[in-house]
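Okay, start02.pdb now, which holds PDB, C-alpha atoms, pLDDT in the B column:
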ATOM      1  CA  MET A   1     -15.276  -4.315  -1.096  1.00 82.00           C
ATOM      2  CA  ARG A   2     -16.783  -7.562   0.186  1.00 90.00           C
ATOM      3  CA  ILE A   3     -17.798  -7.989   3.833  1.00 93.00           C
ATOM      4  CA  LEU A   4     -18.947 -11.092   5.718  1.00 94.00           C
ATOM      5  CA  LEU A   5     -21.300 -10.383   8.638  1.00 94.00           C
ATOM      6  CA  VAL A   6     -21.736 -13.304  11.066  1.00 94.00           C
ATOM      7  CA  ASP A   7     -24.346 -12.707  13.773  1.00 91.00           C
ATOM      8  CA  ASP A   8     -27.378 -14.698  14.916  1.00 88.00           C
ATOM      9  CA  GLU A   9     -29.428 -11.589  15.823  1.00 87.00           C
ATOM     10  CA  VAL A  10     -31.613 -11.112  12.749  1.00 83.00           C
ATOM     11  CA  GLU A  11     -32.873  -7.789  14.102  1.00 83.00           C
ATOM     12  CA  LEU A  12     -29.252  -6.574  13.852  1.00 85.00           C
ATOM     13  CA  THR A  13     -27.948  -8.306  10.733  1.00 87.00           C
ATOM     14  CA  GLU A  14     -30.733  -7.268   8.385  1.00 88.00           C
ATOM     15  CA  PRO A  15     -30.653  -3.484   9.006  1.00 89.00           C
ATOM     16  CA  LEU A  16     -26.867  -3.490   9.321  1.00 90.00           C
ATOM     17  CA  SER A  17     -26.549  -5.323   6.019  1.00 91.00           C
ATOM     18  CA  ARG A  18     -28.823  -2.737   4.354  1.00 91.00           C
ATOM     19  CA  VAL A  19     -26.741   0.143   5.731  1.00 91.00           C
ATOM     20  CA  LEU A  20     -23.443  -1.429   4.622  1.00 92.00           C
ATOM     21  CA  THR A  21     -24.919  -2.124   1.182  1.00 91.00           C
ATOM     22  CA  ARG A  22     -25.990   1.533   0.875  1.00 90.00           C
ATOM     23  CA  GLU A  23     -22.401   2.474   1.718  1.00 89.00           C
ATOM     24  CA  GLY A  24     -21.295   0.524  -1.369  1.00 89.00           C
ATOM     25  CA  TYR A  25     -20.139  -2.730   0.219  1.00 91.00           C
ATOM     26  CA  ARG A  26     -21.127  -6.196  -0.934  1.00 91.00           C
ATOM     27  CA  VAL A  27     -22.392  -8.018   2.162  1.00 93.00           C
ATOM     28  CA  ASP A  28     -22.839 -11.737   2.852  1.00 93.00           C
ATOM     29  CA  ILE A  29     -24.612 -12.892   6.023  1.00 93.00           C
ATOM     30  CA  ALA A  30     -24.294 -16.020   8.158  1.00 93.00           C
ATOM     31  CA  ILE A  31     -26.303 -16.639  11.335  1.00 91.00           C
ATOM     32  CA  ASP A  32     -24.239 -19.429  12.906  1.00 93.00           C
ATOM     33  CA  GLY A  33     -20.555 -20.120  13.456  1.00 91.00           C
ATOM     34  CA  ASN A  34     -20.169 -23.133  11.198  1.00 94.00           C
ATOM     35  CA  SER A  35     -21.667 -21.535   8.089  1.00 93.00           C
ATOM     36  CA  GLY A  36     -19.821 -18.293   8.821  1.00 93.00           C
ATOM     37  CA  CYS A  37     -16.507 -20.115   9.078  1.00 93.00           C
ATOM     38  CA  ASP A  38     -17.193 -22.035   5.867  1.00 93.00           C
ATOM     39  CA  LEU A  39     -17.961 -18.830   3.965  1.00 93.00           C
ATOM     40  CA  ALA A  40     -14.842 -17.139   5.351  1.00 92.00           C
ATOM     41  CA  ARG A  41     -12.658 -20.087   4.311  1.00 89.00           C
ATOM     42  CA  LYS A  42     -14.115 -20.346   0.793  1.00 89.00           C
ATOM     43  CA  ASN A  43     -14.470 -16.692  -0.271  1.00 88.00           C
ATOM     44  CA  PRO A  44     -12.064 -13.736  -0.556  1.00 87.00           C
ATOM     45  CA  TYR A  45     -13.484 -11.165   1.864  1.00 89.00           C
ATOM     46  CA  ASN A  46     -11.995  -7.760   2.613  1.00 89.00           C
ATOM     47  CA  LEU A  47     -13.440  -7.680   6.141  1.00 92.00           C
ATOM     48  CA  LEU A  48     -15.125 -10.059   8.589  1.00 94.00           C
ATOM     49  CA  ILE A  49     -17.583  -8.733  11.195  1.00 94.00           C
ATOM     50  CA  LEU A  50     -18.067 -11.468  13.799  1.00 92.00           C
ATOM     51  CA  ASP A  51     -20.340 -11.694  16.793  1.00 89.00           C
ATOM     52  CA  TRP A  52     -18.480 -13.291  19.711  1.00 85.00           C
ATOM     53  CA  MET A  53     -21.349 -15.540  20.892  1.00 87.00           C
ATOM     54  CA  LEU A  54     -22.695 -17.661  18.026  1.00 90.00           C
ATOM     55  CA  PRO A  55     -24.497 -21.009  17.723  1.00 90.00           C
ATOM     56  CA  GLN A  56     -22.271 -24.015  16.871  1.00 91.00           C
ATOM     57  CA  LYS A  57     -18.958 -22.130  16.776  1.00 90.00           C
ATOM     58  CA  SER A  58     -18.065 -18.859  18.490  1.00 89.00           C
ATOM     59  CA  GLY A  59     -16.615 -15.842  16.737  1.00 88.00           C
ATOM     60  CA  LEU A  60     -13.471 -16.370  18.789  1.00 89.00           C
ATOM     61  CA  GLU A  61     -13.132 -19.910  17.439  1.00 91.00           C
ATOM     62  CA  ILE A  62     -13.680 -18.689  13.872  1.00 92.00           C
ATOM     63  CA  CYS A  63     -10.959 -16.093  14.345  1.00 90.00           C
ATOM     64  CA  GLN A  64      -8.535 -18.625  15.796  1.00 89.00           C
ATOM     65  CA  GLU A  65      -9.209 -21.116  12.999  1.00 88.00           C
ATOM     66  CA  LEU A  66      -8.671 -18.557  10.239  1.00 88.00           C
ATOM     67  CA  ARG A  67      -5.466 -17.225  11.780  1.00 86.00           C
ATOM     68  CA  SER A  68      -4.157 -20.784  12.195  1.00 84.00           C
ATOM     69  CA  HIS A  69      -4.444 -21.118   8.404  1.00 82.00           C
ATOM     70  CA  SER A  70      -2.556 -17.815   7.854  1.00 78.00           C
ATOM     71  CA  ASP A  71      -5.728 -15.956   6.816  1.00 82.00           C
ATOM     72  CA  GLN A  72      -5.016 -12.295   7.601  1.00 82.00           C
ATOM     73  CA  THR A  73      -8.392 -10.839   6.576  1.00 87.00           C
ATOM     74  CA  PRO A  74      -9.220  -7.995   9.019  1.00 90.00           C
ATOM     75  CA  ILE A  75     -11.661  -9.060  11.750  1.00 91.00           C
ATOM     76  CA  LEU A  76     -13.963  -6.786  13.749  1.00 91.00           C
ATOM     77  CA  PHE A  77     -15.635  -8.354  16.804  1.00 88.00           C
ATOM     78  CA  LEU A  78     -19.126  -7.277  17.882  1.00 86.00           C
ATOM     79  CA  THR A  79     -19.762  -8.385  21.445  1.00 81.00           C
ATOM     80  CA  ALA A  80     -21.477  -7.691  24.736  1.00 76.00           C
ATOM     81  CA  LYS A  81     -18.366  -8.855  26.606  1.00 68.00           C
ATOM     82  CA  ASP A  82     -16.790  -5.815  28.211  1.00 65.00           C
ATOM     83  CA  THR A  83     -14.016  -6.944  30.555  1.00 63.00           C
ATOM     84  CA  LEU A  84     -10.339  -6.288  29.891  1.00 67.00           C
ATOM     85  CA  ASP A  85      -9.659 -10.051  29.891  1.00 70.00           C
ATOM     86  CA  ASP A  86     -12.255 -10.535  27.143  1.00 68.00           C
ATOM     87  CA  ARG A  87     -10.732  -7.775  25.008  1.00 68.00           C
ATOM     88  CA  VAL A  88      -7.249  -9.183  25.478  1.00 75.00           C
ATOM     89  CA  GLN A  89      -8.467 -12.692  24.610  1.00 74.00           C
ATOM     90  CA  GLY A  90     -10.033 -11.458  21.384  1.00 73.00           C
ATOM     91  CA  LEU A  91      -7.010  -9.443  20.322  1.00 77.00           C
ATOM     92  CA  ASP A  92      -4.633 -12.278  21.201  1.00 77.00           C
ATOM     93  CA  ALA A  93      -6.746 -14.600  19.037  1.00 77.00           C
ATOM     94  CA  GLY A  94      -5.990 -12.354  16.069  1.00 81.00           C
ATOM     95  CA  ALA A  95      -8.861  -9.848  15.957  1.00 83.00           C
ATOM     96  CA  ASP A  96      -8.053  -6.391  14.604  1.00 84.00           C
ATOM     97  CA  ASP A  97     -10.734  -4.395  16.400  1.00 85.00           C
ATOM     98  CA  TYR A  98     -13.459  -4.741  18.991  1.00 82.00           C
ATOM     99  CA  LEU A  99     -16.835  -2.949  19.269  1.00 85.00           C
ATOM    100  CA  MET A 100     -19.170  -3.226  22.243  1.00 83.00           C
ATOM    101  CA  LYS A 101     -22.902  -3.820  21.834  1.00 81.00           C
ATOM    102  CA  PRO A 102     -24.972  -1.709  21.720  1.00 79.00           C
ATOM    103  CA  PHE A 103     -22.992   0.573  19.445  1.00 83.00           C
ATOM    104  CA  GLU A 104     -23.550   3.717  17.439  1.00 83.00           C
ATOM    105  CA  LEU A 105     -23.871   3.037  13.731  1.00 86.00           C
ATOM    106  CA  ARG A 106     -21.539   5.936  12.913  1.00 87.00           C
ATOM    107  CA  GLU A 107     -18.790   4.391  15.015  1.00 88.00           C
ATOM    108  CA  LEU A 108     -19.176   0.986  13.367  1.00 89.00           C
ATOM    109  CA  LEU A 109     -18.977   2.516   9.889  1.00 90.00           C
ATOM    110  CA  ALA A 110     -15.885   4.496  10.917  1.00 89.00           C
ATOM    111  CA  ARG A 111     -14.190   1.344  12.186  1.00 87.00           C
ATOM    112  CA  VAL A 112     -15.134  -0.525   9.009  1.00 90.00           C
ATOM    113  CA  ARG A 113     -13.579   2.237   6.901  1.00 88.00           C
ATOM    114  CA  ALA A 114     -10.426   2.231   9.039  1.00 84.00           C
ATOM    115  CA  LEU A 115      -9.968  -1.533   8.766  1.00 85.00           C
ATOM    116  CA  LEU A 116     -10.568  -1.500   5.020  1.00 84.00           C
ATOM    117  CA  ARG A 117      -8.039   1.333   4.589  1.00 78.00           C
ATOM    118  CA  ARG A 118      -5.490  -0.785   6.425  1.00 69.00           C
ATOM    119  CA  TYR A 119      -6.328  -3.760   4.213  1.00 66.00           C
ATOM    120  CA  GLN A 120      -5.869  -1.653   1.071  1.00 65.00           C
ATOM    121  CA  VAL A 121      -2.517  -0.302   2.274  1.00 55.00           C
ATOM    122  CA  LEU A 122      -1.211  -3.783   3.062  1.00 52.00           C
ATOM    123  CA  GLU A 123      -2.539  -5.250  -0.185  1.00 52.00           C
ATOM    124  CA  SER A 124      -1.060  -2.490  -2.349  1.00 50.00           C
ATOM    125  CA  SER A 125       2.336  -2.468  -0.633  1.00 50.00           C
ATOM    126  CA  PRO A 126       5.119  -4.443  -2.310  1.00 50.00           C
ATOM    127  CA  ILE A 127       6.530  -7.412  -0.432  1.00 48.00           C
ATOM    128  CA  ASN A 128       8.892  -5.936   2.106  1.00 49.00           C
ATOM    129  CA  SER A 129      11.286  -8.206   3.949  1.00 53.00           C
ATOM    130  CA  ASN A 130      11.944  -5.402   6.443  1.00 76.00           C
ATOM    131  CA  ARG A 131       8.426  -5.546   7.861  1.00 84.00           C
ATOM    132  CA  LEU A 132       8.217  -6.746  11.455  1.00 87.00           C
ATOM    133  CA  GLN A 133       5.267  -8.196  13.350  1.00 86.00           C
ATOM    134  CA  VAL A 134       4.962  -9.085  17.030  1.00 86.00           C
ATOM    135  CA  LEU A 135       1.526 -10.089  18.329  1.00 86.00           C
ATOM    136  CA  ASP A 136      -0.979  -7.650  16.773  1.00 86.00           C
ATOM    137  CA  LEU A 137       1.534  -4.888  16.009  1.00 89.00           C
ATOM    138  CA  GLU A 138       3.164  -4.588  12.593  1.00 90.00           C
ATOM    139  CA  LEU A 139       5.963  -2.191  11.648  1.00 90.00           C
ATOM    140  CA  ASP A 140       6.943  -0.978   8.189  1.00 89.00           C
ATOM    141  CA  PRO A 141      10.259   0.742   8.992  1.00 88.00           C
ATOM    142  CA  ASP A 142      10.922   1.838   5.407  1.00 85.00           C
ATOM    143  CA  ASN A 143       7.797   4.014   5.453  1.00 85.00           C
ATOM    144  CA  GLN A 144       7.852   4.824   9.191  1.00 88.00           C
ATOM    145  CA  LEU A 145       4.385   3.323   9.679  1.00 91.00           C
ATOM    146  CA  ALA A 146       2.952   0.903  12.217  1.00 91.00           C
ATOM    147  CA  TYR A 147      -0.376  -0.936  12.163  1.00 91.00           C
ATOM    148  CA  ARG A 148      -2.458  -1.959  15.156  1.00 87.00           C
ATOM    149  CA  GLY A 149      -6.153  -2.272  15.943  1.00 79.00           C
ATOM    150  CA  GLY A 150      -7.217  -1.335  12.436  1.00 76.00           C
ATOM    151  CA  ARG A 151      -5.365   1.966  12.440  1.00 84.00           C
ATOM    152  CA  ILE A 152      -2.298   3.289  10.657  1.00 88.00           C
ATOM    153  CA  ILE A 153       0.224   4.897  13.015  1.00 90.00           C
ATOM    154  CA  ASP A 154       2.621   7.548  11.723  1.00 90.00           C
ATOM    155  CA  LEU A 155       6.044   7.421  13.382  1.00 90.00           C
ATOM    156  CA  SER A 156       8.964   9.788  13.501  1.00 90.00           C
ATOM    157  CA  GLU A 157      12.334   8.465  12.327  1.00 89.00           C
ATOM    158  CA  LYS A 158      13.556   7.928  15.892  1.00 89.00           C
ATOM    159  CA  GLU A 159      10.273   6.286  16.938  1.00 92.00           C
ATOM    160  CA  SER A 160      10.496   3.903  13.996  1.00 92.00           C
ATOM    161  CA  GLN A 161      14.128   3.048  14.817  1.00 91.00           C
ATOM    162  CA  LEU A 162      13.306   2.528  18.493  1.00 93.00           C
ATOM    163  CA  LEU A 163      10.252   0.372  17.813  1.00 94.00           C
ATOM    164  CA  GLY A 164      12.137  -1.719  15.262  1.00 91.00           C
ATOM    165  CA  TYR A 165      14.973  -2.341  17.714  1.00 91.00           C
ATOM    166  CA  LEU A 166      12.522  -3.454  20.410  1.00 92.00           C
ATOM    167  CA  MET A 167      10.526  -5.667  18.039  1.00 90.00           C
ATOM    168  CA  ARG A 168      13.617  -7.496  16.811  1.00 88.00           C
ATOM    169  CA  SER A 169      14.250  -8.751  20.355  1.00 86.00           C
ATOM    170  CA  PRO A 170      10.840  -9.662  21.821  1.00 85.00           C
ATOM    171  CA  GLY A 171      10.943 -10.790  25.415  1.00 85.00           C
ATOM    172  CA  GLN A 172      14.568  -9.725  25.899  1.00 87.00           C
ATOM    173  CA  LEU A 173      15.781  -7.075  28.307  1.00 90.00           C
ATOM    174  CA  LEU A 174      17.392  -4.263  26.331  1.00 91.00           C
ATOM    175  CA  THR A 175      19.420  -1.999  28.588  1.00 90.00           C
ATOM    176  CA  HIS A 176      19.441   1.780  28.459  1.00 90.00           C
ATOM    177  CA  GLU A 177      23.016   1.624  27.173  1.00 88.00           C
ATOM    178  CA  GLN A 178      22.145  -0.794  24.335  1.00 88.00           C
ATOM    179  CA  ILE A 179      19.226   1.336  23.182  1.00 89.00           C
ATOM    180  CA  HIS A 180      21.232   4.571  23.446  1.00 87.00           C
ATOM    181  CA  HIS A 181      24.009   3.058  21.354  1.00 84.00           C
ATOM    182  CA  HIS A 182      21.560   1.823  18.699  1.00 84.00           C
ATOM    183  CA  LEU A 183      19.691   5.126  18.393  1.00 85.00           C
ATOM    184  CA  TRP A 184      22.462   7.653  18.790  1.00 81.00           C
ATOM    185  CA  GLY A 185      25.751   5.805  18.332  1.00 75.00           C
ATOM    186  CA  GLU A 186      29.003   6.704  20.009  1.00 67.00           C
ATOM    187  CA  GLY A 187      29.218  10.358  19.006  1.00 64.00           C
ATOM    188  CA  GLU A 188      25.955  11.747  20.352  1.00 64.00           C
ATOM    189  CA  GLN A 189      25.309  12.059  24.073  1.00 65.00           C
ATOM    190  CA  PRO A 190      21.626  12.920  24.644  1.00 68.00           C
ATOM    191  CA  SER A 191      20.464  13.847  28.115  1.00 67.00           C
ATOM    192  CA  SER A 192      19.408  11.039  30.422  1.00 65.00           C
ATOM    193  CA  ASN A 193      15.675  11.671  30.041  1.00 84.00           C
ATOM    194  CA  VAL A 194      15.611  11.673  26.213  1.00 87.00           C
ATOM    195  CA  LEU A 195      15.131   7.905  25.934  1.00 89.00           C
ATOM    196  CA  ALA A 196      12.356   7.925  28.545  1.00 89.00           C
ATOM    197  CA  ALA A 197      10.621  10.681  26.573  1.00 90.00           C
ATOM    198  CA  GLN A 198      10.904   8.684  23.342  1.00 91.00           C
ATOM    199  CA  ILE A 199       9.423   5.610  25.042  1.00 93.00           C
ATOM    200  CA  ARG A 200       6.572   7.694  26.458  1.00 92.00           C
ATOM    201  CA  LEU A 201       5.718   9.164  23.041  1.00 92.00           C
ATOM    202  CA  LEU A 202       5.876   5.747  21.386  1.00 94.00           C
ATOM    203  CA  ARG A 203       3.581   4.192  23.999  1.00 93.00           C
ATOM    204  CA  ARG A 204       1.003   6.929  23.404  1.00 92.00           C
ATOM    205  CA  LYS A 205       0.874   5.913  19.751  1.00 92.00           C
ATOM    206  CA  ILE A 206       0.904   2.106  19.914  1.00 92.00           C
ATOM    207  CA  GLU A 207      -0.954   1.467  23.207  1.00 91.00           C
ATOM    208  CA  ILE A 208      -4.375   3.131  23.262  1.00 86.00           C
ATOM    209  CA  ASN A 209      -7.970   2.386  24.273  1.00 79.00           C
ATOM    210  CA  GLY A 210      -7.149  -0.479  26.606  1.00 79.00           C
ATOM    211  CA  GLU A 211      -4.845  -2.303  24.182  1.00 84.00           C
ATOM    212  CA  THR A 212      -2.402  -4.777  25.653  1.00 87.00           C
ATOM    213  CA  PRO A 213       0.771  -2.940  26.756  1.00 90.00           C
ATOM    214  CA  LEU A 214       3.767  -3.980  24.656  1.00 92.00           C
ATOM    215  CA  ILE A 215       6.657  -1.923  26.056  1.00 93.00           C
ATOM    216  CA  HIS A 216       7.500  -2.915  29.631  1.00 94.00           C
ATOM    217  CA  THR A 217       9.854  -0.942  31.860  1.00 92.00           C
ATOM    218  CA  VAL A 218      12.485  -2.896  33.798  1.00 92.00           C
ATOM    219  CA  TYR A 219      13.226  -0.278  36.414  1.00 91.00           C
ATOM    220  CA  GLY A 220      16.821   0.811  36.665  1.00 88.00           C
ATOM    221  CA  LYS A 221      17.858  -1.373  33.729  1.00 91.00           C
ATOM    222  CA  GLY A 222      15.954  -0.821  30.499  1.00 91.00           C
ATOM    223  CA  TYR A 223      12.929  -2.098  28.576  1.00 93.00           C
ATOM    224  CA  ARG A 224      11.422  -5.377  27.451  1.00 92.00           C
ATOM    225  CA  PHE A 225       9.059  -5.668  24.467  1.00 91.00           C
ATOM    226  CA  ALA A 226       5.946  -7.905  24.409  1.00 83.00           C
ATOM    227  CA  GLU A 227       6.600 -10.408  27.174  1.00 63.00           C
TER     228      GLU A 227
END
Let's see the structure in the file written out as structure tokens.
Amino acid sequence: MRILLVDDEVELTEPLSRVLTREGYRVDIAIDGNSGCDLARKNPYNLLILDWMLPQKSGLEICQELRSHSDQTPILFLTAKDTLDDRVQGLDAGADDYLMKPFELRELLARVRALLRRYQVLESSPINSNRLQVLDLELDPDNQLAYRGGRIIDLSEKESQLLGYLMRSPGQLLTHEQIHHHLWGEGEQPSSNVLAAQIRLLRRKIEINGETPLIHTVYGKGYRFAE
């Protein structure tokens, strides 16, 4: 596995590179945004670890540039920025995960492993026209799996059906009646709180640790996905 580490703090990059190398990864280092972006564009990396604040070009700009060229290499931000707006900005730019400085080395290694597992799953999966993606959430309905923030999310059959229905109509109000009909058809008549319970369980899986909420309640009417 090949990792690109882009950070201008030599006191961080050198020991971190040694640790990642001991873990069996091949690590390249860049200490400014321009050289980091050039390396990322020219070489096939399995993971990019980007500092947010860099000389010449920020990690955010690198992320935006790569995503604009359809480069889907997983990206982990390292940053001292800790506001919700900063996290949302990074995730909206296409980052897969976000780690605050200073951080515990064990946590960074765990996040690296999680992102690389996701990369391996996506790379080894056959092309699947049923896959759906809205913002930073991806759904593989055939395998009842979702992907967000560098993690693989196991879904029940009903959760997968519900999420797929919502993702196929982003920004649209889907009424309780429409969702009931899609999930249970004409014959079944679940109790009135079953749908609310399904939504609650799904939110617990796809919206964690300050991630941008994707399922929005339109009170008295239904739900809207990813406004």
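Shortest atom-to-atom contact with Leu115 in chain A among A:Leu66, A:Gln144, A:Arg41, A:Ile3: A:Ile3, counting only C-alpha atoms.
Between CA of Met1 in chain A and CA of Met53 in chain A there is a distance of 25.4 Å.
Checking A:Thr79, A:Gln161, A:Gln133, A:Gln72 one by one against Ser58 in chain A, counting only C-alpha atoms, you find the shortest gap at A:Thr79.
Closest to Leu54 in chain A among A:Asp7, A:Glu107, A:Asp71, A:Asp142 is A:Asp7, based on only C-alpha atoms.
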Which residues match the PyMOL selection byres ((chain A and resi 167-180) around 6) in the file above, as a list in words? Gly164, Tyr165, Leu166, His181, His182, Leu183, Trp184, Lys221, Gly222, Tyr223, Arg224, Phe225, Ala226 and Glu227 of chain A
Based on the selection just made, write C-alpha atoms of those residues as a PDB file, keeping the file's coordinate frame.
ATOM      1  CA  GLY A 164      12.137  -1.719  15.262  1.00 91.00           C
ATOM      2  CA  TYR A 165      14.973  -2.341  17.714  1.00 91.00           C
ATOM      3  CA  LEU A 166      12.522  -3.454  20.410  1.00 92.00           C
ATOM      4  CA  HIS A 181      24.009   3.058  21.354  1.00 84.00           C
ATOM      5  CA  HIS A 182      21.560   1.823  18.699  1.00 84.00           C
ATOM      6  CA  LEU A 183      19.691   5.126  18.393  1.00 85.00           C
ATOM      7  CA  TRP A 184      22.462   7.653  18.790  1.00 81.00           C
ATOM      8  CA  LYS A 221      17.858  -1.373  33.729  1.00 91.00           C
ATOM      9  CA  GLY A 222      15.954  -0.821  30.499  1.00 91.00           C
ATOM     10  CA  TYR A 223      12.929  -2.098  28.576  1.00 93.00           C
ATOM     11  CA  ARG A 224      11.422  -5.377  27.451  1.00 92.00           C
ATOM     12  CA  PHE A 225       9.059  -5.668  24.467  1.00 91.00           C
ATOM     13  CA  ALA A 226       5.946  -7.905  24.409  1.00 83.00           C
ATOM     14  CA  GLU A 227       6.600 -10.408  27.174  1.00 63.00           C
TER      15      GLU A 227
END
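For the atom pair formed by CA of Pro55 in chain A and CA of Cys37 in chain A, the distance is 11.8 Å, given to one decimal.
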Under the PyMOL selection byres ((chain A and resi 77) around 9), which residues of this model are included? Write them out as an MDAnalysis selection string. chainID A and resid 48:52 59:60 75:76 78:79 90 95:100
